[in-house]
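As stored in protein.txt (compact mmCIF, C-alpha atoms and all ligand atoms):
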```txt
# COMPACT_ATOMS: atom_id res chain seq x y z
CA MET T 1 -174.00 64.97 -111.60
CA SER T 2 -172.33 63.54 -108.53
CA SER T 3 -172.99 64.59 -104.96
CA ILE T 4 -169.32 65.35 -104.24
CA ASP T 5 -168.49 68.84 -102.95
CA PHE T 6 -166.16 70.38 -105.50
CA SER T 7 -166.18 73.90 -104.05
CA GLU T 8 -162.79 73.86 -102.31
CA ALA T 9 -161.04 72.26 -105.27
CA LEU T 10 -162.72 74.67 -107.68
CA ASP T 11 -161.75 77.68 -105.53
CA CYS T 12 -158.17 76.51 -105.62
CA LEU T 13 -158.19 76.06 -109.42
CA LYS T 14 -160.03 79.32 -110.11
CA LYS T 15 -157.48 81.32 -108.08
CA ALA T 16 -154.52 79.61 -109.71
CA GLN T 17 -152.64 81.34 -112.52
CA SER T 18 -149.62 79.09 -112.99
CA VAL T 19 -150.13 75.44 -112.16
CA LEU T 20 -147.69 72.57 -111.82
CA ILE T 21 -149.43 69.25 -112.45
CA SER T 22 -147.97 65.89 -111.48
CA CYS T 23 -148.86 62.29 -110.59
CA HIS T 24 -147.43 59.07 -109.17
CA VAL T 25 -144.27 57.27 -110.23
CA ARG T 26 -144.70 54.77 -113.09
CA PRO T 27 -147.65 56.79 -114.42
CA ASP T 28 -150.55 54.93 -116.02
CA GLY T 29 -153.37 55.89 -118.37
CA ASP T 30 -155.54 57.41 -115.67
CA SER T 31 -152.82 59.57 -114.14
CA LEU T 32 -151.47 60.74 -117.50
CA GLY T 33 -154.89 61.32 -119.05
CA SER T 34 -156.03 63.20 -115.95
CA ALA T 35 -152.88 65.35 -115.91
CA ALA T 36 -153.16 66.10 -119.63
CA GLY T 37 -156.89 66.81 -119.35
CA MET T 38 -156.36 69.08 -116.35
CA ALA T 39 -153.58 70.97 -118.15
CA GLN T 40 -155.77 71.48 -121.23
CA MET T 41 -158.74 72.53 -119.13
CA LEU T 42 -156.67 75.13 -117.26
CA ALA T 43 -155.10 76.38 -120.47
CA GLY T 44 -158.61 76.83 -121.83
CA GLN T 45 -159.25 79.20 -118.91
CA GLY T 46 -156.21 81.31 -119.81
CA LYS T 47 -154.04 79.83 -117.07
CA SER T 48 -150.58 78.41 -117.57
CA ALA T 49 -150.13 74.75 -116.71
CA GLU T 50 -147.07 72.54 -116.89
CA ILE T 51 -146.93 68.79 -116.35
CA ILE T 52 -143.84 67.38 -114.64
CA LEU T 53 -143.62 63.59 -114.29
CA PRO T 54 -141.65 61.70 -111.62
CA SER T 55 -140.86 58.86 -114.10
CA GLU T 56 -140.42 58.51 -117.85
CA LEU T 57 -143.52 58.85 -120.03
CA PRO T 58 -144.35 55.39 -121.44
CA ASP T 59 -144.35 55.58 -125.28
CA ARG T 60 -147.88 54.25 -125.52
CA TYR T 61 -149.20 57.42 -123.88
CA ALA T 62 -147.19 59.86 -126.01
CA PHE T 63 -150.36 60.46 -128.07
CA LEU T 64 -151.76 62.43 -125.12
CA PHE T 65 -149.00 65.00 -125.40
CA GLU T 66 -148.82 65.87 -129.08
CA GLN T 67 -148.14 69.58 -128.52
CA GLU T 68 -145.60 69.40 -125.72
CA GLN T 69 -143.89 66.43 -124.07
CA PRO T 70 -143.95 66.70 -120.27
CA ARG T 71 -140.76 67.30 -118.35
CA VAL T 72 -139.45 64.36 -116.32
CA ILE T 73 -137.67 64.81 -112.97
CA GLU T 74 -136.87 61.47 -111.38
CA ASP T 75 -134.74 62.59 -108.43
CA ASP T 76 -135.47 65.01 -105.58
CA TRP T 77 -137.53 67.87 -107.01
CA ARG T 78 -135.99 70.39 -104.59
CA ARG T 79 -132.80 70.21 -106.62
CA ALA T 80 -134.63 71.31 -109.77
CA GLN T 81 -135.37 74.72 -108.20
CA LEU T 82 -138.83 74.89 -109.67
CA ALA T 83 -140.11 78.44 -109.65
CA GLY T 84 -142.94 80.50 -111.06
CA PHE T 85 -145.81 78.26 -109.99
CA ASP T 86 -148.56 79.40 -107.64
CA THR T 87 -150.44 76.08 -107.32
CA VAL T 88 -149.65 72.37 -107.48
CA VAL T 89 -152.10 69.67 -108.57
CA ILE T 90 -151.35 66.00 -107.86
CA VAL T 91 -153.55 63.39 -109.52
CA ASP T 92 -154.21 59.68 -108.88
CA THR T 93 -152.32 59.16 -105.61
CA SER T 94 -152.09 60.53 -102.13
CA VAL T 95 -149.37 58.38 -100.63
CA ARG T 96 -145.74 59.33 -100.14
CA ALA T 97 -144.36 56.03 -101.46
CA GLN T 98 -145.71 56.91 -104.92
CA LEU T 99 -144.47 60.50 -104.77
CA GLU T 100 -140.90 60.03 -103.56
CA PRO T 101 -139.24 62.50 -105.99
CA GLN T 102 -141.84 65.20 -105.27
CA PHE T 103 -142.49 64.63 -101.59
CA GLU T 104 -140.01 67.02 -99.92
CA PHE T 105 -140.73 69.66 -102.54
CA LEU T 106 -144.47 69.38 -101.83
CA LYS T 107 -143.84 69.77 -98.09
CA SER T 108 -141.55 72.79 -98.45
CA CYS T 109 -142.97 74.68 -101.46
CA ASN T 110 -145.49 76.77 -99.47
CA LEU T 111 -148.00 76.53 -102.30
CA PRO T 112 -151.53 75.21 -102.24
CA VAL T 113 -151.34 71.53 -103.20
CA LEU T 114 -154.58 70.12 -104.60
CA VAL T 115 -154.72 66.32 -104.49
CA ILE T 116 -157.35 64.59 -106.64
CA ASP T 117 -157.49 60.87 -105.96
CA HIS T 118 -159.72 57.79 -105.80
CA HIS T 119 -157.51 55.24 -104.01
CA LEU T 120 -158.34 53.68 -100.66
CA GLU T 121 -155.32 54.99 -98.81
CA SER T 122 -154.51 58.63 -98.26
CA GLU T 123 -151.68 60.21 -96.31
CA ASN T 124 -152.96 63.79 -96.42
CA ILE T 125 -150.39 65.00 -98.89
CA GLY T 126 -152.43 67.99 -100.07
CA THR T 127 -153.53 71.27 -98.56
CA VAL T 128 -156.80 70.78 -100.45
CA GLU T 129 -157.95 67.24 -101.09
CA LEU T 130 -160.62 65.97 -103.42
CA LEU T 131 -160.86 62.28 -102.54
CA ASP T 132 -163.58 60.01 -103.84
CA ARG T 133 -163.08 56.30 -103.42
CA SER T 134 -166.20 55.53 -105.40
CA ALA T 135 -164.94 57.27 -108.55
CA SER T 136 -163.91 54.80 -111.25
CA ALA T 137 -161.03 57.05 -112.34
CA VAL T 138 -159.45 60.38 -111.50
CA GLY T 139 -160.26 61.29 -115.10
CA LEU T 140 -163.92 60.99 -114.12
CA MET T 141 -163.38 63.37 -111.19
CA VAL T 142 -161.66 65.93 -113.44
CA ALA T 143 -164.52 65.67 -115.96
CA GLU T 144 -166.96 66.29 -113.10
CA LEU T 145 -164.90 69.26 -111.94
CA ALA T 146 -165.24 70.71 -115.45
CA GLU T 147 -169.00 70.20 -115.30
CA ALA T 148 -169.27 71.76 -111.83
CA TRP T 149 -167.00 74.73 -112.70
CA PRO T 150 -168.64 74.98 -115.36
CA VAL T 151 -166.21 75.09 -118.28
CA GLU T 152 -166.36 73.64 -121.77
CA LEU T 153 -163.71 71.08 -122.55
CA SER T 154 -161.77 71.20 -125.80
CA ALA T 155 -161.69 68.03 -127.89
CA ALA T 156 -158.09 67.46 -126.76
CA ALA T 157 -158.98 67.78 -123.07
CA ALA T 158 -161.95 65.47 -123.56
CA LYS T 159 -159.78 62.89 -125.33
CA ALA T 160 -157.29 62.91 -122.45
CA LEU T 161 -160.00 62.46 -119.81
CA PHE T 162 -161.74 59.76 -121.86
CA THR T 163 -158.41 57.93 -122.08
CA ALA T 164 -158.03 58.21 -118.30
CA ILE T 165 -161.50 56.78 -117.66
CA ALA T 166 -161.17 54.06 -120.31
CA SER T 167 -157.82 52.99 -118.80
CA ASP T 168 -159.05 52.57 -115.24
CA THR T 169 -162.27 50.84 -116.25
CA GLY T 170 -160.62 48.42 -118.71
CA TRP T 171 -162.47 50.08 -121.57
CA PHE T 172 -165.71 50.31 -119.54
CA ARG T 173 -165.71 46.58 -118.70
CA PHE T 174 -164.85 46.58 -114.99
CA PRO T 175 -167.57 46.81 -112.34
CA ASN T 176 -166.41 50.35 -111.50
CA ALA T 177 -167.85 51.51 -114.85
CA ASP T 178 -171.08 52.80 -113.33
CA SER T 179 -173.74 55.18 -114.63
CA ARG T 180 -171.69 58.13 -113.41
CA THR T 181 -168.81 56.92 -115.58
CA TYR T 182 -171.00 56.49 -118.66
CA HIS T 183 -172.59 59.87 -118.05
CA GLN T 184 -169.22 61.63 -118.19
CA ALA T 185 -168.12 59.45 -121.12
CA TRP T 186 -171.23 60.66 -122.97
CA ARG T 187 -170.33 64.27 -122.17
CA LEU T 188 -166.77 63.73 -123.39
CA LEU T 189 -168.09 62.24 -126.63
CA GLN T 190 -170.19 65.35 -127.08
CA ALA T 191 -167.03 67.41 -126.61
CA GLY T 192 -165.50 65.66 -129.60
CA VAL T 193 -163.89 62.39 -128.48
CA ARG T 194 -163.72 59.66 -131.10
CA PRO T 195 -163.62 56.42 -129.10
CA THR T 196 -162.36 54.30 -132.01
CA GLU T 197 -159.35 56.57 -132.32
CA VAL T 198 -158.63 56.39 -128.58
CA TYR T 199 -159.03 52.59 -128.66
CA SER T 200 -156.48 52.31 -131.46
CA SER T 201 -154.06 54.63 -129.68
CA LEU T 202 -154.36 52.64 -126.46
CA TYR T 203 -154.61 49.04 -127.54
CA MET T 204 -153.68 48.58 -131.18
CA ARG T 205 -150.13 49.86 -131.26
CA ALA T 206 -148.29 47.25 -129.19
CA SER T 207 -144.70 46.37 -129.99
CA VAL T 208 -143.74 42.87 -131.16
CA ALA T 209 -141.88 42.61 -127.85
CA LYS T 210 -145.08 43.20 -125.89
CA VAL T 211 -146.99 40.50 -127.76
CA ARG T 212 -144.08 38.08 -127.27
CA LEU T 213 -144.03 38.99 -123.55
CA MET T 214 -147.75 38.25 -123.44
CA GLY T 215 -146.92 34.80 -124.82
CA ARG T 216 -144.43 34.25 -121.99
CA ALA T 217 -146.94 35.39 -119.40
CA LEU T 218 -149.68 33.07 -120.76
CA ASP T 219 -147.18 30.22 -120.88
CA SER T 220 -146.44 30.68 -117.16
CA LEU T 221 -150.13 30.47 -116.19
CA GLU T 222 -150.95 28.28 -113.21
CA LEU T 223 -154.29 27.79 -111.50
CA PHE T 224 -154.82 27.38 -107.76
CA CYS T 225 -157.75 27.21 -105.36
CA GLU T 226 -159.89 24.91 -107.56
CA GLY T 227 -159.33 27.12 -110.58
CA ARG T 228 -160.44 30.31 -108.87
CA LEU T 229 -156.97 31.86 -108.68
CA ALA T 230 -154.83 32.43 -111.77
CA CYS T 231 -151.14 33.13 -111.33
CA MET T 232 -148.72 34.28 -114.01
CA SER T 233 -145.10 35.25 -113.61
CA LEU T 234 -142.45 37.01 -115.66
CA LEU T 235 -138.74 36.67 -114.95
CA LYS T 236 -135.85 38.96 -115.85
CA GLU T 237 -134.97 36.44 -118.51
CA ASP T 238 -138.37 36.85 -120.18
CA PHE T 239 -137.72 40.58 -120.58
CA ARG T 240 -134.23 39.96 -121.94
CA GLN T 241 -135.32 37.35 -124.44
CA THR T 242 -138.38 39.20 -125.70
CA GLN T 243 -136.68 42.61 -125.45
CA ALA T 244 -139.77 43.96 -123.75
CA VAL T 245 -139.58 46.65 -121.08
CA HIS T 246 -141.31 46.51 -117.71
CA ALA T 247 -143.96 49.07 -118.69
CA GLU T 248 -145.14 46.54 -121.30
CA THR T 249 -146.55 44.26 -118.60
CA GLU T 250 -149.46 46.69 -118.27
CA GLY T 251 -152.77 44.92 -118.87
CA LEU T 252 -151.29 41.42 -119.24
CA ILE T 253 -152.78 40.28 -115.93
CA ASN T 254 -156.28 40.80 -117.32
CA GLU T 255 -155.73 38.07 -119.91
CA SER T 256 -156.07 35.40 -117.21
CA LEU T 257 -159.42 36.82 -116.09
CA ARG T 258 -160.85 35.53 -119.38
CA ILE T 259 -160.97 32.07 -117.78
CA GLY T 260 -164.50 31.38 -116.57
CA SER T 261 -163.57 29.79 -113.25
CA VAL T 262 -161.09 32.50 -112.28
CA ILE T 263 -162.16 34.99 -109.62
CA ALA T 264 -158.77 36.44 -108.65
CA ALA T 265 -155.57 36.83 -110.63
CA VAL T 266 -152.02 37.69 -109.72
CA MET T 267 -149.03 38.57 -111.84
CA LEU T 268 -145.55 38.37 -110.39
CA THR T 269 -142.82 40.32 -112.14
CA GLU T 270 -139.16 40.06 -111.29
CA ASP T 271 -137.57 43.53 -111.28
CA GLU T 272 -133.99 44.26 -112.35
CA ASN T 273 -132.91 44.37 -108.68
CA GLY T 274 -134.49 40.96 -108.05
CA SER T 275 -137.46 42.15 -106.01
CA ILE T 276 -140.90 40.95 -107.04
CA ARG T 277 -143.70 43.25 -108.10
CA VAL T 278 -147.11 41.67 -107.56
CA ASN T 279 -150.28 42.85 -109.28
CA PHE T 280 -153.65 41.64 -108.12
CA ARG T 281 -157.00 41.62 -109.89
CA SER T 282 -160.37 40.39 -108.71
CA LYS T 283 -163.62 39.93 -110.58
CA ARG T 284 -165.70 40.11 -107.41
CA GLN T 285 -165.91 38.84 -103.81
CA ILE T 286 -162.22 38.98 -103.00
CA ASN T 287 -160.94 42.40 -101.89
CA VAL T 288 -157.41 42.36 -103.27
CA ALA T 289 -156.50 45.74 -101.75
CA ARG T 290 -156.64 44.09 -98.32
CA ILE T 291 -154.38 41.27 -99.46
CA ALA T 292 -151.92 43.73 -101.01
CA GLU T 293 -151.90 45.73 -97.76
CA ARG T 294 -150.72 42.63 -95.89
CA PHE T 295 -147.60 42.81 -98.05
CA GLY T 296 -147.09 46.55 -97.67
CA GLY T 297 -148.94 47.49 -100.89
CA GLY T 298 -152.40 48.82 -101.62
CA GLY T 299 -154.89 49.80 -104.28
CA HIS T 300 -158.55 49.23 -104.99
CA LYS T 301 -160.86 46.33 -104.10
CA LEU T 302 -160.58 44.88 -107.58
CA ALA T 303 -157.06 45.98 -108.56
CA ALA T 304 -154.05 46.32 -106.29
CA GLY T 305 -150.30 45.89 -106.12
CA ALA T 306 -147.41 45.21 -103.75
CA GLN T 307 -143.65 44.75 -103.81
CA LEU T 308 -142.00 41.72 -102.21
CA ALA T 309 -138.36 41.01 -101.50
CA GLY T 310 -136.84 37.64 -102.27
CA GLY T 311 -137.26 35.11 -105.05
CA ILE T 312 -140.28 34.51 -107.21
CA ALA T 313 -141.01 31.04 -105.75
CA GLN T 314 -141.29 32.29 -102.17
CA ALA T 315 -143.29 35.32 -103.25
CA LYS T 316 -145.72 33.09 -105.14
CA GLU T 317 -146.11 30.76 -102.17
CA LYS T 318 -146.90 33.65 -99.80
CA ILE T 319 -149.38 35.28 -102.15
CA VAL T 320 -151.16 32.06 -103.09
CA SER T 321 -151.57 31.07 -99.44
CA ALA T 322 -152.85 34.55 -98.51
CA ILE T 323 -155.48 34.34 -101.25
CA ARG T 324 -156.32 30.73 -100.34
CA GLU T 325 -156.96 31.91 -96.77
CA GLU T 326 -159.17 34.71 -98.06
CA PHE T 327 -161.22 32.22 -100.12
CA SER T 328 -161.74 29.93 -97.11
CA ARG T 329 -162.54 32.90 -94.85
CA ARG T 330 -165.21 33.97 -97.33
CA ALA T 331 -166.56 30.43 -97.72
CA LYS T 332 -166.79 30.18 -93.93
CA SER T 333 -168.64 33.46 -93.51
CA ALA T 334 -171.02 32.44 -96.34
CA ASP T 335 -171.70 29.14 -94.49
CA ASP T 336 -172.30 31.03 -91.24
CA SER T 337 -174.81 33.30 -92.86
CA ASP T 338 -176.62 30.27 -94.35
CA THR T 339 -177.31 28.75 -90.93
MN MN A 401 -156.53 55.85 -111.19
```

Go through the file and emit its structure as structure tokens.
Amino acid sequence: MSSIDFSEALDCLKKAQSVLISCHVRPDGDSLGSAAGMAQMLAGQGKSAEIILPSELPDRYAFLFEQEQPRVIEDDWRRAQLAGFDTVVIVDTSVRAQLEPQFEFLKSCNLPVLVIDHHLESENIGTVELLDRSASAVGLMVAELAEAWPVELSAAAAKALFTAIASDTGWFRFPNADSRTYHQAWRLLQAGVRPTEVYSSLYMRASVAKVRLMGRALDSLELFCEGRLACMSLLKEDFRQTQAVHAETEGLINESLRIGSVIAAVMLTEDENGSIRVNFRSKRQINVARIAERFGGGGHKLAAGAQLAGGIAQAKEKIVSAIREEFSRRAKSADDSDT
């Protein structure tokens, strides 16, 4: 059991009768699994819950929504005239930039807005906030909410939360997969999750296009900083030729972390409009959230992202030199502490 105070969040959920659940744009496994798990948990308590996404649901996560596909509203939510809800729950973000379609609605809806998040940055979007930067996934926080409530989770709710946790911990491989994470994973297994089934749903149903895109990404691999930094890039052309979509870049960056010497990895992706999306990963030592923040992005210590204008070559140069600086800064402080 964690030491987090769930009372305010639980009060909010217990009072709610009709809940609107949403998450950040370009939703990932944690946000979708958390939203689906939350919806199932609330339904299990006789409450009504509807998930509305601010971007399309990636196909690979459709298995989380077998009964009912979530609604998608990509433009200003105020125009959708959403009615009949008495509570809003936002999972896996608390910054405006990731909630553009919802933001004005959230400010003007006069409803309690419960934000459940584990990212470093928060812009106080909610009226009630459950923020825990040490949680490996929001799915973990929702599982802990269920334990603290206490309510029993259905097998479907447990599967969704397990998917959320597995996604943000790289199938329990990343350093954020701590005993707290395994404890909740164990509870979810007891509630009926079959990990092999979740693994297949998540990782064994890729399209040919995705595997071809992976080939392109691996082909672009360059090493910098004496082999400690791996850099891969994908151009518009790579998407056209492989017929992959942008959502299919998910997870590709981790392939370069297989290299023994690599400590940090970046993946640069050219968007349709020509801007460059940069994803950062770190095995240890280097805090990539801080580097991403220098470019207007953010994230976690070991996984972060940013968006850069301009061509891929300039973007790569800027990022590589920022990370090079970080390596020498760290080497210097290590030297200082030696003497
Ligand atoms: Mn997350």

Closest contacts (chain T/ligand MN 401 (chain A), max 7 Å, all atoms listed in the file) as JSON lines:
```
{"residue": "T:Asp30", "atom": "CA", "partner": "A:MN401", "partner_atom": "MN", "distance": 4.8}
{"residue": "T:Ser31", "atom": "CA", "partner": "A:MN401", "partner_atom": "MN", "distance": 6.0}
{"residue": "T:Asp92", "atom": "CA", "partner": "A:MN401", "partner_atom": "MN", "distance": 5.0}
{"residue": "T:His118", "atom": "CA", "partner": "A:MN401", "partner_atom": "MN", "distance": 6.6}
{"residue": "T:Ala137", "atom": "CA", "partner": "A:MN401", "partner_atom": "MN", "distance": 4.8}
{"residue": "T:Val138", "atom": "CA", "partner": "A:MN401", "partner_atom": "MN", "distance": 5.4}
{"residue": "T:Asp168", "atom": "CA", "partner": "A:MN401", "partner_atom": "MN", "distance": 5.8}
```

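Within 9 Å of Ser256 in chain T, once all atoms listed in the file are used and residues closer than 2 positions along the same chain are dropped, the contacting residues are Leu218, Leu221, Ala230, Cys231, Met232, Leu252, Ile253, Asn254, Arg258, Ile259, Val262, Ala265 and Val266 of chain T.
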
Quiz prompt | Given only C-alpha atoms as the counted atoms, nearest of T:Glu56, T:Asp132, T:Arg71, T:Ser22 to Phe103 in chain T | solution = T:Ser22

Quiz item: If you count all atoms listed in the file, which residues fall within 10 Å of range 81-84 of chain T, apart from same-chain ones fewer than 4 positions away, as a VMD selection string?
Solution: chain T and resid 17 to 20 77 105 109

Exercise. Dump as a ChimeraX atom specification all residues having an atom at most 12 Å from (-149.8, 39.0, -111.6), computed in the file's coordinates with all atoms listed in the file.
Key: /T:217-218,220-222,229-235,249-257,264-270,276-282,288,292,303-307,312,315-316,319-320

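Polymer residues near (-162.4, 56.2, -108.4): counting all atoms listed in the file with a cut-off of 10 Å, they are Asp92, Ile116, Asp117, His118, His119, Leu120, Leu131, Asp132, Arg133, Ser134, Ala135, Ser136, Ala137, Val138, Gly139, Leu140, Met141, Ile165, Asp168, Thr169, Asn176, Ala177, Thr181 and His300 of chain T.
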
Restricting it to C-alpha atoms, dump the selection as an mmCIF file, in the frame of the given file.
```cif
data_model
loop_
_atom_site.group_PDB
_atom_site.id
_atom_site.type_symbol
_atom_site.label_atom_id
_atom_site.label_comp_id
_atom_site.auth_asym_id
_atom_site.auth_seq_id
_atom_site.Cartn_x
_atom_site.Cartn_y
_atom_site.Cartn_z
ATOM 1 C CA ASP T 92 -154.210 59.680 -108.880
ATOM 2 C CA ILE T 116 -157.350 64.590 -106.640
ATOM 3 C CA ASP T 117 -157.490 60.870 -105.960
ATOM 4 C CA HIS T 118 -159.720 57.790 -105.800
ATOM 5 C CA HIS T 119 -157.510 55.240 -104.010
ATOM 6 C CA LEU T 120 -158.340 53.680 -100.660
ATOM 7 C CA LEU T 131 -160.860 62.280 -102.540
ATOM 8 C CA ASP T 132 -163.580 60.010 -103.840
ATOM 9 C CA ARG T 133 -163.080 56.300 -103.420
ATOM 10 C CA SER T 134 -166.200 55.530 -105.400
ATOM 11 C CA ALA T 135 -164.940 57.270 -108.550
ATOM 12 C CA SER T 136 -163.910 54.800 -111.250
ATOM 13 C CA ALA T 137 -161.030 57.050 -112.340
ATOM 14 C CA VAL T 138 -159.450 60.380 -111.500
ATOM 15 C CA GLY T 139 -160.260 61.290 -115.100
ATOM 16 C CA LEU T 140 -163.920 60.990 -114.120
ATOM 17 C CA MET T 141 -163.380 63.370 -111.190
ATOM 18 C CA ILE T 165 -161.500 56.780 -117.660
ATOM 19 C CA ASP T 168 -159.050 52.570 -115.240
ATOM 20 C CA THR T 169 -162.270 50.840 -116.250
ATOM 21 C CA ASN T 176 -166.410 50.350 -111.500
ATOM 22 C CA ALA T 177 -167.850 51.510 -114.850
ATOM 23 C CA THR T 181 -168.810 56.920 -115.580
ATOM 24 C CA HIS T 300 -158.550 49.230 -104.990
#
```

8 Å per side around range 144-154 of chain T: axis-aligned box centre and edge lengths, as lines of an AutoDock Vina configuration file:
```
center_x = -165.5
center_y = 70.7
center_z = -118.8
size_x = 23.5
size_y = 24.8
size_z = 30.0
```

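When only C-alpha atoms are used to measure the gap to Val95 in chain T, the shortest distance among T:Met204, T:Ala36, T:Ile125, T:Ile4 belongs to T:Ile125.
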
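Comparing the minimum interatomic distances between Met214 in chain T and each of T:Ala143, T:Leu99, T:Val245, T:Val113, counting only C-alpha atoms, we find that T:Val245 sits nearest.
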
Exercise. Counting all atoms listed in the file, figure out which residue out of T:Val88, T:Thr163, T:Glu66, T:Glu121 gets nearest to Ala289 in chain T.
Key: T:Glu121

Quiz item: To one decimal place, how far is CA of Gln67 in chain T from CA of Trp171 in chain T in Å?
Solution: 25.2 Å

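For the pair CA of Lys283 in chain T and CA of Ala158 in chain T, the interatomic distance is 28.7 Å.
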
Quiz prompt | Non-local contacts of Thr196 in chain T (12 Å; only C-alpha atoms; under 2 positions in same chain excluded) as a PyMOL selection string | solution = chain T and resi 159+162-163+166+171+189+193-194+198-204

Leaving out Ile90 in chain T and any residue of its chain fewer than 5 positions from it, which residues lie within 6 Å of it when counting all atoms listed in the file, given as a PDB file with C-alpha atoms, in the frame of the given file?
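Generated file (around.pdb):
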```
ATOM      1  CA  ILE T  21    -149.430  69.250-112.450  1.00  0.00           C
ATOM      2  CA  SER T  22    -147.970  65.890-111.480  1.00  0.00           C
ATOM      3  CA  CYS T  23    -148.860  62.290-110.590  1.00  0.00           C
ATOM      4  CA  VAL T 115    -154.720  66.320-104.490  1.00  0.00           C
TER       5      VAL T 115
END
```
